[in-house]
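Peer 1: Input: one structure, supplied below.
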Amino acid sequence: MKIAIVHHPETTPKILAAQRMSEKDKLSSFTCMYGGTGKMHKDNPNRHTIDILQQMGEYYAQIGVPWKPQAYQKAIGTLKKLEVKIDCFEDAIRLPNIGTRIAKKIEEICTTGHLRTLDNALADPTHKTLQLFLRIYGVGLSQAHKWIQAGHKSLDDLLALPDLHKNQRIGIDHYDDFNTRIPRDEVTALGDIVKKVAADINLNVEAIIGGSYRRGADTSGDIDFIITKRNTRSSWDLLSFLETLVARLTCDGFLVAALTVPASSGSKWHGACALPGNPLWRRIDFLVVPETEFGAALLYFTGDDIFNRSIRLLASKKNMRLNQKGLYKDVLRTFGREKLSEGTLVEGGDERKIFDLLGVPWRPPHERICR
DNA sequence: TGGCAATACTG
DNA sequence: CAGTAT
DNA sequence: GCCA
């Protein structure tokens with residue numbers, strides 16, 4: 001007897017095509033699929049709107065409101081790509097990542113020149129103090145609030161405290177240093193010193209500068225080093241090298257403070273360095289990675305953070321997981337998306353392959369500026 | 001209306 | 001663990 | 001705050 005093959009409605013070619021389209025549409029909403037150059041031309045017609053929304057987002061971040069800052073960042077990302085001025089609710093609301101609330105604010109900004117909610121917020125003297133304290137390395141909302149609650153108003157007030165944590169004291173002592181942008185040329189010069197010493201210790205080691213520097217920025221907030229060594233399969237293989245490197249650079253007077261040191265199985269070192277003859281302390285981070293994780297580490301340390309979050313979210317939607325060590329597949333999660341299994345490693349060594357496996361078009365670092 | 005990245009180090 | 005950092 |  002012949003068995004009739006009946007297409008289930010959802011498997012007809014037409015429907016399948018439609019489903020593929022909807023898959024594609026879903027993916028197109030991920031920032032990482034398009035990236036951005038971050039080049040905000042001085043003539044961007046929305047620069048004033050962007051500036052105000054930026055402050056509004058920062059304000060929410062500073063008072064610890066969850067998720068809104070990210071929403072503002074995404075909205076700003078949309079405006080930055082435009083070449084036309086958006087000055088009314090109707091035009092704004094059509095744009096991706098701009099909903100009712102932000103569209104209203106855009107209209108207010110364009111008609112009055114400012115945002116009343118923001119003006120009120122920034123007029124609050126307590127908030128000024130909060131902003132001051134939050135820019136201390138090692139100080140977050142929780143600590144800043146406690147200090148404000150206790151009546152402290154200045155960095156000098158804090159320096160008089162007997163129970164400051166080690167890193168907090170460094171953060172305050174070098175408050176201005178750490179909050180001063182580093183010109184690209186200086187990052188290059190600082191990097192050359194590290195590279196020279198690294199090569200002197202072990203020729204199989206490669207040290208590259210990631211972060212905003214790799215994205216082509218002309219100033220950076222800190223220096224992010226990714227260090228790898230040929231034929232290594234675990235970051236443990238690099239810990240002794242890192243120890244030697246840090247010792248040598250400290251001895252040379254280049255490294256001037258250690259803020260965090262890797263655990264026995266760890267991989268990151270945070271601290272400060274200074275160019276000979278330059279009194280400014282600069283934040284510097286080392287991430288040591290085995291060759292097998294180099295691509296994932298590079299992706300992670302190149303950022304920007306919006307790009308990272310976007311591509312990691314995309315991975316998780318595909319039942320995968322992306323972290324600084326690699327891309328994993330078959331990750332099991334609960335209905336609440338809580339992770340149940342690590343998944344199996346698919347790729348870690350090659351940055352391009354990770355893009356490919358995720359279906360994300362490769363883009364050079366300077367096109368990963370999404371904020 | 002629920003989800004929004006994922007992980008390392010300090011105290 | 002909560003907090004801070006990337 | 002925005003989006004699926």
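Going through the structure tokens in order, the chains are called A, B, and so on, while each chain numbers its residues from 1 and the ligands are numbered from 1 in the order shown.
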With a distance threshold of 12 Å and counting only C-alpha atoms (C1' of nucleotides), extract the residues of chain A near chain B and express them as a PDB file with N, CA and C atoms, in the first residue's frame.

Peer 2:
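Heads up, here's the output in iface09.pdb:
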```
ATOM      1  N   PRO A  66      18.137  49.593  36.686  1.00  0.00           N
ATOM      2  CA  PRO A  66      18.557  48.551  35.758  1.00  0.00           C
ATOM      3  C   PRO A  66      17.901  48.693  34.392  1.00  0.00           C
ATOM      4  N   TRP A  67      18.647  48.300  33.354  1.00  0.00           N
ATOM      5  CA  TRP A  67      18.173  48.160  31.966  1.00  0.00           C
ATOM      6  C   TRP A  67      17.946  49.463  31.216  1.00  0.00           C
ATOM      7  N   LYS A  68      17.495  50.490  31.888  1.00  0.00           N
ATOM      8  CA  LYS A  68      17.259  51.731  31.148  1.00  0.00           C
ATOM      9  C   LYS A  68      18.531  52.245  30.474  1.00  0.00           C
ATOM     10  N   PRO A  69      19.666  52.219  31.175  1.00  0.00           N
ATOM     11  CA  PRO A  69      20.886  52.717  30.515  1.00  0.00           C
ATOM     12  C   PRO A  69      21.158  51.992  29.198  1.00  0.00           C
ATOM     13  N   GLN A  70      20.966  50.686  29.168  1.00  0.00           N
ATOM     14  CA  GLN A  70      21.176  49.942  27.931  1.00  0.00           C
ATOM     15  C   GLN A  70      20.202  50.363  26.848  1.00  0.00           C
ATOM     16  N   ALA A  71      18.961  50.580  27.261  1.00  0.00           N
ATOM     17  CA  ALA A  71      17.950  51.010  26.295  1.00  0.00           C
ATOM     18  C   ALA A  71      18.341  52.359  25.684  1.00  0.00           C
ATOM     19  N   LYS A  74      21.151  51.921  23.168  1.00  0.00           N
ATOM     20  CA  LYS A  74      20.683  51.408  21.885  1.00  0.00           C
ATOM     21  C   LYS A  74      19.997  52.499  21.069  1.00  0.00           C
ATOM     22  N   GLY A 138      37.152  51.075  41.717  1.00  0.00           N
ATOM     23  CA  GLY A 138      36.857  50.203  42.853  1.00  0.00           C
ATOM     24  C   GLY A 138      35.674  50.653  43.678  1.00  0.00           C
ATOM     25  N   VAL A 139      35.045  51.724  43.264  1.00  0.00           N
ATOM     26  CA  VAL A 139      33.867  52.210  43.987  1.00  0.00           C
ATOM     27  C   VAL A 139      32.646  52.157  43.082  1.00  0.00           C
ATOM     28  N   ASP A 163      39.251  52.940  57.156  1.00  0.00           N
ATOM     29  CA  ASP A 163      39.029  51.580  56.666  1.00  0.00           C
ATOM     30  C   ASP A 163      38.852  51.499  55.148  1.00  0.00           C
ATOM     31  N   LEU A 164      39.506  52.415  54.441  1.00  0.00           N
ATOM     32  CA  LEU A 164      39.463  52.339  52.977  1.00  0.00           C
ATOM     33  C   LEU A 164      40.125  51.056  52.507  1.00  0.00           C
ATOM     34  N   HIS A 165      39.519  50.422  51.505  1.00  0.00           N
ATOM     35  CA  HIS A 165      40.153  49.251  50.918  1.00  0.00           C
ATOM     36  C   HIS A 165      41.396  49.703  50.150  1.00  0.00           C
ATOM     37  N   LYS A 166      42.311  48.762  49.990  1.00  0.00           N
ATOM     38  CA  LYS A 166      43.583  49.074  49.335  1.00  0.00           C
ATOM     39  C   LYS A 166      43.349  49.709  47.952  1.00  0.00           C
ATOM     40  N   ASN A 167      42.510  49.056  47.165  1.00  0.00           N
ATOM     41  CA  ASN A 167      42.277  49.542  45.803  1.00  0.00           C
ATOM     42  C   ASN A 167      41.538  50.875  45.778  1.00  0.00           C
ATOM     43  N   GLN A 168      40.672  51.055  46.764  1.00  0.00           N
ATOM     44  CA  GLN A 168      39.940  52.324  46.836  1.00  0.00           C
ATOM     45  C   GLN A 168      40.911  53.474  47.104  1.00  0.00           C
ATOM     46  N   LEU A 259      46.323  45.910  41.162  1.00  0.00           N
ATOM     47  CA  LEU A 259      44.970  46.047  41.711  1.00  0.00           C
ATOM     48  C   LEU A 259      44.308  44.686  41.878  1.00  0.00           C
ATOM     49  N   THR A 260      44.349  43.862  40.861  1.00  0.00           N
ATOM     50  CA  THR A 260      43.900  42.481  41.022  1.00  0.00           C
ATOM     51  C   THR A 260      44.907  41.553  40.360  1.00  0.00           C
ATOM     52  N   VAL A 261      45.119  40.435  40.998  1.00  0.00           N
ATOM     53  CA  VAL A 261      46.100  39.453  40.554  1.00  0.00           C
ATOM     54  C   VAL A 261      45.358  38.146  40.306  1.00  0.00           C
ATOM     55  N   PRO A 262      45.706  37.423  39.250  1.00  0.00           N
ATOM     56  CA  PRO A 262      44.927  36.219  38.930  1.00  0.00           C
ATOM     57  C   PRO A 262      45.009  35.156  40.020  1.00  0.00           C
ATOM     58  N   ALA A 263      43.893  34.448  40.204  1.00  0.00           N
ATOM     59  CA  ALA A 263      43.881  33.293  41.099  1.00  0.00           C
ATOM     60  C   ALA A 263      44.697  32.185  40.435  1.00  0.00           C
ATOM     61  N   SER A 264      44.837  31.081  41.113  1.00  0.00           N
ATOM     62  CA  SER A 264      45.704  30.015  40.602  1.00  0.00           C
ATOM     63  C   SER A 264      45.251  29.528  39.229  1.00  0.00           C
ATOM     64  N   SER A 265      43.954  29.565  39.001  1.00  0.00           N
ATOM     65  CA  SER A 265      43.456  29.141  37.695  1.00  0.00           C
ATOM     66  C   SER A 265      43.021  30.352  36.870  1.00  0.00           C
ATOM     67  N   GLY A 266      43.367  31.531  37.328  1.00  0.00           N
ATOM     68  CA  GLY A 266      42.862  32.751  36.713  1.00  0.00           C
ATOM     69  C   GLY A 266      43.664  33.215  35.519  1.00  0.00           C
ATOM     70  N   SER A 267      43.320  34.339  35.006  1.00  0.00           N
ATOM     71  CA  SER A 267      43.948  34.798  33.770  1.00  0.00           C
ATOM     72  C   SER A 267      44.046  36.310  33.654  1.00  0.00           C
ATOM     73  N   LYS A 268      43.490  37.057  34.616  1.00  0.00           N
ATOM     74  CA  LYS A 268      43.569  38.515  34.443  1.00  0.00           C
ATOM     75  C   LYS A 268      44.312  39.225  35.565  1.00  0.00           C
ATOM     76  N   TRP A 269      45.101  40.177  35.119  1.00  0.00           N
ATOM     77  CA  TRP A 269      45.864  41.022  36.035  1.00  0.00           C
ATOM     78  C   TRP A 269      45.457  42.458  35.752  1.00  0.00           C
ATOM     79  N   HIS A 270      45.091  43.197  36.800  1.00  0.00           N
ATOM     80  CA  HIS A 270      44.750  44.608  36.654  1.00  0.00           C
ATOM     81  C   HIS A 270      45.717  45.444  37.470  1.00  0.00           C
ATOM     82  N   LEU A 287      45.398  40.106  30.028  1.00  0.00           N
ATOM     83  CA  LEU A 287      44.617  38.871  29.981  1.00  0.00           C
ATOM     84  C   LEU A 287      45.505  37.827  29.329  1.00  0.00           C
ATOM     85  N   TYR A 300      36.506  39.226  22.861  1.00  0.00           N
ATOM     86  CA  TYR A 300      36.047  39.768  24.135  1.00  0.00           C
ATOM     87  C   TYR A 300      36.749  41.082  24.475  1.00  0.00           C
ATOM     88  N   ASP A 305      31.598  46.962  24.423  1.00  0.00           N
ATOM     89  CA  ASP A 305      30.742  46.162  25.289  1.00  0.00           C
ATOM     90  C   ASP A 305      29.369  45.907  24.666  1.00  0.00           C
ATOM     91  N   ILE A 306      28.835  46.883  23.951  1.00  0.00           N
ATOM     92  CA  ILE A 306      27.547  46.694  23.289  1.00  0.00           C
ATOM     93  C   ILE A 306      27.652  45.571  22.266  1.00  0.00           C
ATOM     94  N   PHE A 307      28.740  45.603  21.508  1.00  0.00           N
ATOM     95  CA  PHE A 307      28.962  44.568  20.505  1.00  0.00           C
ATOM     96  C   PHE A 307      29.071  43.194  21.170  1.00  0.00           C
ATOM     97  N   ASN A 308      29.829  43.122  22.247  1.00  0.00           N
ATOM     98  CA  ASN A 308      29.984  41.855  22.961  1.00  0.00           C
ATOM     99  C   ASN A 308      28.647  41.319  23.451  1.00  0.00           C
ATOM    100  N   ARG A 309      27.879  42.171  24.067  1.00  0.00           N
ATOM    101  CA  ARG A 309      26.599  41.711  24.603  1.00  0.00           C
ATOM    102  C   ARG A 309      25.688  41.259  23.497  1.00  0.00           C
ATOM    103  N   SER A 310      25.727  41.994  22.402  1.00  0.00           N
ATOM    104  CA  SER A 310      24.866  41.654  21.279  1.00  0.00           C
ATOM    105  C   SER A 310      25.230  40.285  20.701  1.00  0.00           C
ATOM    106  N   ILE A 311      26.516  40.063  20.485  1.00  0.00           N
ATOM    107  CA  ILE A 311      26.919  38.809  19.845  1.00  0.00           C
ATOM    108  C   ILE A 311      26.760  37.631  20.817  1.00  0.00           C
ATOM    109  N   ARG A 312      26.913  37.892  22.107  1.00  0.00           N
ATOM    110  CA  ARG A 312      26.698  36.834  23.090  1.00  0.00           C
ATOM    111  C   ARG A 312      25.218  36.476  23.196  1.00  0.00           C
ATOM    112  N   LEU A 313      24.390  37.504  23.105  1.00  0.00           N
ATOM    113  CA  LEU A 313      22.947  37.245  23.139  1.00  0.00           C
ATOM    114  C   LEU A 313      22.545  36.439  21.912  1.00  0.00           C
ATOM    115  N   LEU A 314      23.089  36.807  20.767  1.00  0.00           N
ATOM    116  CA  LEU A 314      22.815  36.073  19.526  1.00  0.00           C
ATOM    117  C   LEU A 314      23.207  34.613  19.679  1.00  0.00           C
ATOM    118  N   ALA A 315      24.376  34.376  20.261  1.00  0.00           N
ATOM    119  CA  ALA A 315      24.838  33.009  20.488  1.00  0.00           C
ATOM    120  C   ALA A 315      23.844  32.243  21.352  1.00  0.00           C
ATOM    121  N   SER A 316      23.377  32.884  22.410  1.00  0.00           N
ATOM    122  CA  SER A 316      22.479  32.177  23.326  1.00  0.00           C
ATOM    123  C   SER A 316      21.150  31.857  22.672  1.00  0.00           C
ATOM    124  N   LYS A 317      20.728  32.720  21.729  1.00  0.00           N
ATOM    125  CA  LYS A 317      19.477  32.444  21.006  1.00  0.00           C
ATOM    126  C   LYS A 317      19.636  31.227  20.104  1.00  0.00           C
ATOM    127  N   ARG A 321      26.822  29.467  23.434  1.00  0.00           N
ATOM    128  CA  ARG A 321      27.296  30.335  24.507  1.00  0.00           C
ATOM    129  C   ARG A 321      28.644  30.880  24.077  1.00  0.00           C
ATOM    130  N   LEU A 322      28.814  32.188  24.202  1.00  0.00           N
ATOM    131  CA  LEU A 322      30.099  32.797  23.861  1.00  0.00           C
ATOM    132  C   LEU A 322      30.666  33.484  25.092  1.00  0.00           C
ATOM    133  N   ASN A 323      31.899  33.141  25.419  1.00  0.00           N
ATOM    134  CA  ASN A 323      32.585  33.854  26.499  1.00  0.00           C
ATOM    135  C   ASN A 323      34.015  34.117  26.058  1.00  0.00           C
ATOM    136  N   GLN A 324      34.880  34.548  26.994  1.00  0.00           N
ATOM    137  CA  GLN A 324      36.237  34.928  26.589  1.00  0.00           C
ATOM    138  C   GLN A 324      37.105  33.721  26.235  1.00  0.00           C
ATOM    139  N   LYS A 325      36.553  32.514  26.444  1.00  0.00           N
ATOM    140  CA  LYS A 325      37.334  31.316  26.139  1.00  0.00           C
ATOM    141  C   LYS A 325      36.934  30.656  24.831  1.00  0.00           C
ATOM    142  N   GLY A 326      35.702  30.831  24.442  1.00  0.00           N
ATOM    143  CA  GLY A 326      35.302  30.196  23.192  1.00  0.00           C
ATOM    144  C   GLY A 326      33.811  30.225  22.938  1.00  0.00           C
ATOM    145  N   PHE A 335      13.907  26.710  31.446  1.00  0.00           N
ATOM    146  CA  PHE A 335      12.974  27.614  30.792  1.00  0.00           C
ATOM    147  C   PHE A 335      13.269  29.055  31.186  1.00  0.00           C
ATOM    148  N   GLY A 336      13.805  29.214  32.356  1.00  0.00           N
ATOM    149  CA  GLY A 336      14.164  30.549  32.789  1.00  0.00           C
ATOM    150  C   GLY A 336      15.529  30.967  32.273  1.00  0.00           C
ATOM    151  N   ARG A 337      16.087  30.189  31.325  1.00  0.00           N
ATOM    152  CA  ARG A 337      17.358  30.443  30.664  1.00  0.00           C
ATOM    153  C   ARG A 337      18.556  30.276  31.596  1.00  0.00           C
ATOM    154  N   GLU A 338      18.318  29.694  32.747  1.00  0.00           N
ATOM    155  CA  GLU A 338      19.438  29.393  33.635  1.00  0.00           C
ATOM    156  C   GLU A 338      20.251  28.274  32.994  1.00  0.00           C
ATOM    157  N   LYS A 339      21.553  28.410  33.065  1.00  0.00           N
ATOM    158  CA  LYS A 339      22.423  27.465  32.372  1.00  0.00           C
ATOM    159  C   LYS A 339      22.505  26.136  33.126  1.00  0.00           C
TER     160      LYS A 339
END
```

Peer 1: Please return, as an MDAnalysis selection string, all residues of stretch 245-356 of chain A that DSSP assigns to strand (DSSP E) on the basis of the backbone.

Peer 2: chainID A and resid 255:260 268:273 282:290 321:322 327:329 344:347

Peer 1: List as a ChimeraX atom specification the protein and nucleic acid residues near D:DC2, meaning an atom at most 8 Å away when only C-alpha atoms (C1' of nucleotides) are counted, but skip any in the same chain fewer than 5 places from it.

Peer 2: /A:71,97-99

Peer 1: What does the file look like for those residues with N, CA, C and O atoms, as a compact mmCIF listing (two decimals), in the first residue's frame?

Peer 2:
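The result, stored in out_29.txt:
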```txt
# COMPACT_ATOMS: atom_id res chain seq x y z
N ALA A 71 18.96 50.58 27.26
CA ALA A 71 17.95 51.01 26.30
C ALA A 71 18.34 52.36 25.68
O ALA A 71 18.21 52.57 24.48
N ASN A 97 14.68 50.63 18.22
CA ASN A 97 15.19 50.91 19.58
C ASN A 97 14.70 52.23 20.16
O ASN A 97 15.19 52.67 21.19
N ILE A 98 13.75 52.85 19.47
CA ILE A 98 13.16 54.06 20.03
C ILE A 98 11.67 53.83 20.19
O ILE A 98 10.96 53.60 19.21
N GLY A 99 11.22 53.84 21.43
CA GLY A 99 9.81 53.60 21.72
C GLY A 99 9.12 54.88 22.14
O GLY A 99 9.64 55.98 21.96
```

Peer 1: Per residue of chain A within 9 Å of chain C, what are the shortest atom pair and its distance in Å to one decimal, counting only C-alpha atoms (C1' of nucleotides), with rows by chain and residue number, as a Markdown table?

Peer 2:
```
| residue | atom | partner | partner_atom | distance |
| --- | --- | --- | --- | --- |
| A:Tyr137 | CA | C:DT4 | C1' | 8.8 |
| A:Gly138 | CA | C:DT4 | C1' | 5.9 |
| A:Val139 | CA | C:DT4 | C1' | 6.9 |
| A:Gly140 | CA | C:DT4 | C1' | 6.3 |
| A:Leu141 | CA | C:DG3 | C1' | 8.8 |
| A:Ser142 | CA | C:DG3 | C1' | 7.3 |
| A:Gln143 | CA | C:DG3 | C1' | 8.4 |
| A:Phe301 | CA | C:DT6 | C1' | 8.2 |
```

Peer 1: From a DSSP pass on the backbone, collect the residues of stretch 21-232 of chain A flagged as alpha helix (DSSP H) and hand them back as an NGL selection string.

Peer 2: :A and (21-28 or 47-62 or 68-81 or 89-93 or 100-112 or 116-123 or 125-134 or 141-149 or 155-159 or 166-173 or 175-178 or 184-201 or 211-214)

Peer 1: Atom CA of A:Gly210 and atom CA of A:Asp224 are how many Å apart?

Peer 2: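 Interatomic distance here is 5.3 Å.
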
Peer 1: Quick one: residues within 10 Å of A:Trp147, only C-alpha atoms (C1' of nucleotides), excluding same-chain residues fewer than 5 positions away - as a PyMOL selection string?

Peer 2: chain A and resi 129-130+133+141-142+152-154+157-158

Peer 1: Kindly save the residues from that selection, with N, CA, C and O atoms included, as an mmCIF file, in the first residue's frame.

Peer 2:
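What follows is the written file result_12.cif:
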```cif
data_model
loop_
_atom_site.group_PDB
_atom_site.id
_atom_site.type_symbol
_atom_site.label_atom_id
_atom_site.label_comp_id
_atom_site.auth_asym_id
_atom_site.auth_seq_id
_atom_site.Cartn_x
_atom_site.Cartn_y
_atom_site.Cartn_z
ATOM 1 N N THR A 129 27.908 64.729 44.087
ATOM 2 C CA THR A 129 28.811 63.941 44.933
ATOM 3 C C THR A 129 28.843 62.483 44.466
ATOM 4 O O THR A 129 29.906 61.855 44.409
ATOM 5 N N LEU A 130 27.666 61.977 44.140
ATOM 6 C CA LEU A 130 27.585 60.595 43.647
ATOM 7 C C LEU A 130 28.465 60.417 42.412
ATOM 8 O O LEU A 130 29.245 59.469 42.317
ATOM 9 N N PHE A 133 32.134 60.286 43.380
ATOM 10 C CA PHE A 133 32.561 59.038 44.019
ATOM 11 C C PHE A 133 32.558 57.860 43.046
ATOM 12 O O PHE A 133 33.405 56.972 43.125
ATOM 13 N N LEU A 141 28.035 51.854 43.141
ATOM 14 C CA LEU A 141 26.869 52.506 43.726
ATOM 15 C C LEU A 141 26.749 52.259 45.222
ATOM 16 O O LEU A 141 26.469 53.185 45.990
ATOM 17 N N SER A 142 26.944 51.018 45.595
ATOM 18 C CA SER A 142 26.724 50.643 46.980
ATOM 19 C C SER A 142 27.635 51.441 47.914
ATOM 20 O O SER A 142 27.174 52.070 48.879
ATOM 21 N N HIS A 152 29.823 62.286 53.678
ATOM 22 C CA HIS A 152 31.063 62.665 52.985
ATOM 23 C C HIS A 152 30.749 63.380 51.683
ATOM 24 O O HIS A 152 29.799 63.033 50.985
ATOM 25 N N LYS A 153 31.593 64.361 51.378
ATOM 26 C CA LYS A 153 31.310 65.167 50.188
ATOM 27 C C LYS A 153 32.487 65.298 49.236
ATOM 28 O O LYS A 153 32.328 65.660 48.076
ATOM 29 N N SER A 154 33.681 65.031 49.725
ATOM 30 C CA SER A 154 34.854 65.243 48.882
ATOM 31 C C SER A 154 35.797 64.050 48.954
ATOM 32 O O SER A 154 35.688 63.199 49.839
ATOM 33 N N ASP A 157 37.560 64.006 52.202
ATOM 34 C CA ASP A 157 36.778 63.365 53.277
ATOM 35 C C ASP A 157 37.077 61.875 53.293
ATOM 36 O O ASP A 157 37.307 61.266 54.341
ATOM 37 N N LEU A 158 37.080 61.286 52.103
ATOM 38 C CA LEU A 158 37.262 59.833 52.003
ATOM 39 C C LEU A 158 38.666 59.419 52.414
ATOM 40 O O LEU A 158 38.866 58.414 53.087
#
```

Peer 1: How many Å separate atom CA of A:Lys329 from atom CA of A:Thr292?

Peer 2: 16.5 Å

Peer 1: Using only C-alpha atoms (C1' of nucleotides), determine which residues lie at most 9 Å from A:Thr49, disregarding the query and same-chain residues fewer than 6 positions distant; provide the list as a list of chain:residue names.

Peer 2: A:Ile76, A:Leu79, A:Ile86, A:Asp87, A:Lys105, A:Ile106, A:Ile109, A:Cys110, A:Gly113, A:His114
